[in-house]
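Trainee: File name run_9.pdb; file contents PDB, C-alpha atoms; full text below.
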```
ATOM      1  CA  MET A   9     109.783 182.574 119.129
ATOM      2  CA  TYR A  10     110.658 179.080 120.308
ATOM      3  CA  ILE A  11     109.366 176.334 122.619
ATOM      4  CA  ASP A  12     111.442 175.809 125.785
ATOM      5  CA  SER A  13     109.658 172.762 127.210
ATOM      6  CA  ILE A  14     106.464 170.699 127.018
ATOM      7  CA  ARG A  15     104.893 168.539 129.736
ATOM      8  CA  PHE A  16     101.863 166.321 129.185
ATOM      9  CA  THR A  17      99.462 166.836 132.097
ATOM     10  CA  ASP A  18      96.973 164.026 131.402
ATOM     11  CA  PRO A  19      97.026 160.669 129.629
ATOM     12  CA  PRO A  20      95.328 160.439 126.201
ATOM     13  CA  VAL A  21      91.508 160.396 126.323
ATOM     14  CA  HIS A  22      89.397 158.743 123.607
ATOM     15  CA  HIS A  23      86.239 160.735 122.745
ATOM     16  CA  GLN A  24      83.603 158.515 121.068
ATOM     17  CA  PHE A  25      80.601 159.799 119.095
ATOM     18  CA  PRO A  26      77.672 157.685 117.854
ATOM     19  CA  PRO A  27      77.882 156.513 114.200
ATOM     20  CA  LEU A  28      74.894 158.739 113.331
ATOM     21  CA  TYR A  29      77.002 161.850 114.000
ATOM     22  CA  GLU A  30      80.316 160.333 112.926
ATOM     23  CA  ASN A  31      79.195 160.014 109.307
ATOM     24  CA  LEU A  32      78.285 163.692 108.966
ATOM     25  CA  GLY A  33      81.936 164.571 108.297
ATOM     26  CA  LEU A  34      81.956 167.427 110.820
ATOM     27  CA  PRO A  35      85.101 167.563 112.997
ATOM     28  CA  GLU A  36      83.171 168.784 116.061
ATOM     29  CA  VAL A  37      81.139 165.535 116.143
ATOM     30  CA  SER A  38      83.880 163.138 115.002
ATOM     31  CA  SER A  39      85.606 160.706 117.360
ATOM     32  CA  PHE A  40      89.065 161.781 118.416
ATOM     33  CA  ILE A  41      91.886 161.116 120.876
ATOM     34  CA  GLU A  42      93.077 164.123 122.882
ATOM     35  CA  GLN A  43      95.927 164.765 125.300
ATOM     36  CA  LYS A  44      96.489 167.955 127.310
ATOM     37  CA  TYR A  45      99.869 169.570 127.892
ATOM     38  CA  GLU A  46     101.546 172.614 129.389
ATOM     39  CA  PHE A  47     104.314 174.418 127.531
ATOM     40  CA  ASP A  48     106.915 177.105 128.204
ATOM     41  CA  PHE A  49     107.944 179.327 125.331
ATOM     42  CA  THR A  50     109.982 182.419 124.665
ATOM     43  CA  ALA A  51     108.647 185.225 122.509
ATOM     44  CA  GLY A  52     111.253 187.955 122.095
ATOM     45  CA  LYS A  53     112.763 188.428 125.557
ATOM     46  CA  THR A  54     109.643 187.232 127.390
ATOM     47  CA  LYS A  55     109.289 183.703 128.801
ATOM     48  CA  ARG A  56     105.695 182.545 129.156
ATOM     49  CA  THR A  57     103.681 179.446 130.026
ATOM     50  CA  GLY A  58     100.635 178.231 128.121
ATOM     51  CA  HIS A  59      98.219 175.315 128.087
ATOM     52  CA  GLY A  60      96.955 173.353 125.142
ATOM     53  CA  SER A  61      95.926 170.003 123.784
ATOM     54  CA  ILE A  62      96.566 167.915 120.715
ATOM     55  CA  ARG A  63      93.908 165.861 118.950
ATOM     56  CA  ILE A  64      93.950 163.182 116.314
ATOM     57  CA  TYR A  65      90.643 162.607 114.543
ATOM     58  CA  LYS A  66      90.117 158.855 114.146
ATOM     59  CA  GLN A  67      88.343 158.876 110.760
ATOM     60  CA  SER A  68      90.616 161.291 108.908
ATOM     61  CA  GLY A  69      93.852 160.866 110.862
ATOM     62  CA  GLU A  70      94.152 164.673 110.954
ATOM     63  CA  LEU A  71      96.144 166.163 113.842
ATOM     64  CA  LYS A  72      95.139 169.474 115.427
ATOM     65  CA  VAL A  73      96.836 171.596 118.095
ATOM     66  CA  ILE A  74      94.540 173.647 120.320
ATOM     67  CA  ILE A  75      95.825 176.496 122.511
ATOM     68  CA  SER A  76      93.462 176.594 125.482
ATOM     69  CA  GLU A  77      93.754 180.184 126.593
ATOM     70  CA  LYS A  78      93.997 183.589 124.983
ATOM     71  CA  LEU A  79      97.593 184.789 124.882
ATOM     72  CA  THR A  80      97.912 188.549 125.314
ATOM     73  CA  GLY A  81      99.731 190.207 122.438
ATOM     74  CA  PHE A  82      99.253 187.271 120.063
ATOM     75  CA  GLY A  83      97.301 187.907 116.887
ATOM     76  CA  PRO A  84      96.262 185.279 114.326
ATOM     77  CA  LYS A  85      99.693 185.112 112.616
ATOM     78  CA  ARG A  86     101.670 184.614 115.847
ATOM     79  CA  LEU A  87      99.121 182.076 117.141
ATOM     80  CA  GLU A  88      99.439 180.159 113.865
ATOM     81  CA  LYS A  89     103.239 180.146 114.158
ATOM     82  CA  LEU A  90     103.061 179.026 117.817
ATOM     83  CA  ALA A  91     100.603 176.246 116.890
ATOM     84  CA  SER A  92     102.942 174.973 114.146
ATOM     85  CA  LEU A  93     105.926 175.006 116.552
ATOM     86  CA  LEU A  94     103.859 173.088 119.110
ATOM     87  CA  MET A  95     102.780 170.566 116.459
ATOM     88  CA  GLU A  96     106.435 169.856 115.615
ATOM     89  CA  GLU A  97     107.271 169.355 119.290
ATOM     90  CA  VAL A  98     104.328 167.237 120.489
ATOM     91  CA  LYS A  99     103.286 165.164 117.461
ATOM     92  CA  GLU A 100     105.766 162.271 117.878
ATOM     93  CA  ARG A 101     105.420 162.111 121.671
ATOM     94  CA  PHE A 102     101.617 162.161 121.435
ATOM     95  CA  ILE A 103     101.544 159.280 118.943
ATOM     96  CA  SER A 104     103.967 157.242 121.077
ATOM     97  CA  ASN A 105     101.801 157.949 124.169
ATOM     98  CA  ILE A 106      98.753 156.566 122.332
ATOM     99  CA  GLU A 107     100.651 153.460 121.222
ATOM    100  CA  ALA A 108     102.143 152.855 124.699
ATOM    101  CA  GLU A 109      98.811 153.309 126.473
ATOM    102  CA  THR A 110      97.733 150.216 128.413
ATOM    103  CA  LYS A 111      94.436 151.373 129.958
ATOM    104  CA  THR A 112      92.233 153.500 127.707
ATOM    105  CA  ARG A 113      90.254 156.419 129.153
ATOM    106  CA  LYS A 114      87.054 156.957 127.145
ATOM    107  CA  VAL A 115      84.404 159.659 127.049
ATOM    108  CA  TYR A 116      81.151 158.808 125.239
ATOM    109  CA  HIS A 117      79.195 161.645 123.640
ATOM    110  CA  MET A 118      75.596 160.612 123.049
ATOM    111  CA  HIS A 119      72.528 162.619 122.072
ATOM    112  CA  PHE A 120      72.700 166.223 120.847
ATOM    113  CA  GLY A 121      68.998 166.816 120.227
ATOM    114  CA  ARG A 122      67.059 169.831 121.423
ATOM    115  CA  ASN A 123      65.301 169.633 124.784
ATOM    116  CA  ASP A 124      62.218 171.663 123.781
ATOM    117  CA  ARG A 125      60.684 169.152 121.339
ATOM    118  CA  GLY A 126      57.061 168.284 121.859
ATOM    119  CA  LYS A 127      56.146 171.603 123.468
TER
END
```
Give the structure from the file, written as structure tokens.

Mentor:
Amino acid sequence: MYIDSIRFTDPPVHHQFPPLYENLGLPEVSSFIEQKYEFDFTAGKTKRTGHGSIRIYKQSGELKVIISEKLTGFGPKRLEKLASLLMEEVKERFISNIEAETKTRKVYHMHFGRNDRGK
């Protein structure tokens, strides 16, 4: 299996969470920068296209590759291998995109409380 090409489809987006949630140490409520991409890869004799995104969590500096859709015929081991190949390919370009960014796109995540309080 190998990656044929990668194209970023959107500029990096900064996702901000309030400090109350940020200090919980949970990745799902930690501020991060994300950029989406499309990739072509070859698995065996089959060429396929997939979509994914790469995130860098601001507090920990941890990078994470996310494959957006389910890929038919890919179990956990093959998905893990594909994710590591994608990480090798997009990591440097993603970091340089963040550094070269002139106008920052931000998304603010606010309150996550339940709506049924007080009933």

Trainee: Between CA of Tyr45 (chain A) and CA of Pro27 (chain A), what is the distance in Å, rounded to a tenth?

Mentor: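 Here the two named atoms are 29.0 Å from each other.
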
Trainee: Hey, what comes out of the PyMOL selection byres ((chain A and resi 58-69) around 10) on this file? Could you write it as a PyMOL selection string?

Mentor: chain A and resi 14-18+20-24+30-31+33+35-36+38-49+56-57+70-79+91+94-95+98-99+102-103

Trainee: Determine the residue set returned by the PyMOL selection byres ((chain A and resi 52) around 12) for the present structure, and present it as an mmCIF file with C-alpha atoms, keeping the file's coordinate frame.

Mentor:
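Contents of selection_13.cif, as written:
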```cif
data_model
loop_
_atom_site.group_PDB
_atom_site.id
_atom_site.type_symbol
_atom_site.label_atom_id
_atom_site.label_comp_id
_atom_site.auth_asym_id
_atom_site.auth_seq_id
_atom_site.Cartn_x
_atom_site.Cartn_y
_atom_site.Cartn_z
ATOM 1 C CA MET A 9 109.783 182.574 119.129
ATOM 2 C CA TYR A 10 110.658 179.080 120.308
ATOM 3 C CA ILE A 11 109.366 176.334 122.619
ATOM 4 C CA PHE A 49 107.944 179.327 125.331
ATOM 5 C CA THR A 50 109.982 182.419 124.665
ATOM 6 C CA ALA A 51 108.647 185.225 122.509
ATOM 7 C CA LYS A 53 112.763 188.428 125.557
ATOM 8 C CA THR A 54 109.643 187.232 127.390
ATOM 9 C CA LYS A 55 109.289 183.703 128.801
ATOM 10 C CA ARG A 56 105.695 182.545 129.156
ATOM 11 C CA GLY A 81 99.731 190.207 122.438
ATOM 12 C CA ARG A 86 101.670 184.614 115.847
#
```

Trainee: Using Å and a single decimal, report how far CA of Pro26 (chain A) sits from CA of Ser104 (chain A).

Mentor: 26.5 Å

Trainee: Can you sort out the box for region 77-91 of chain A, edges along x, y and z, all listed atoms in, 5 Å on every side, with centre and edge lengths in Å to one decimal, as AutoDock Vina command-line options?

Mentor:
```
--center_x 98.5 --center_y 183.2 --center_z 119.6 --size_x 19.5 --size_y 24.0 --size_z 24.0
```

Trainee: Interatomic distance between CA of Glu100 (chain A) and CA of Lys85 (chain A)?

Mentor: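 It comes out at 24.2 Å.
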
Trainee: So which one's closest to Ala108 (chain A), A:Leu93, A:Asp12, A:Phe25, A:Pro19? Using all atoms listed in the file, please.

Mentor: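 For Ala108 (chain A), the nearest of the candidates is A:Pro19.
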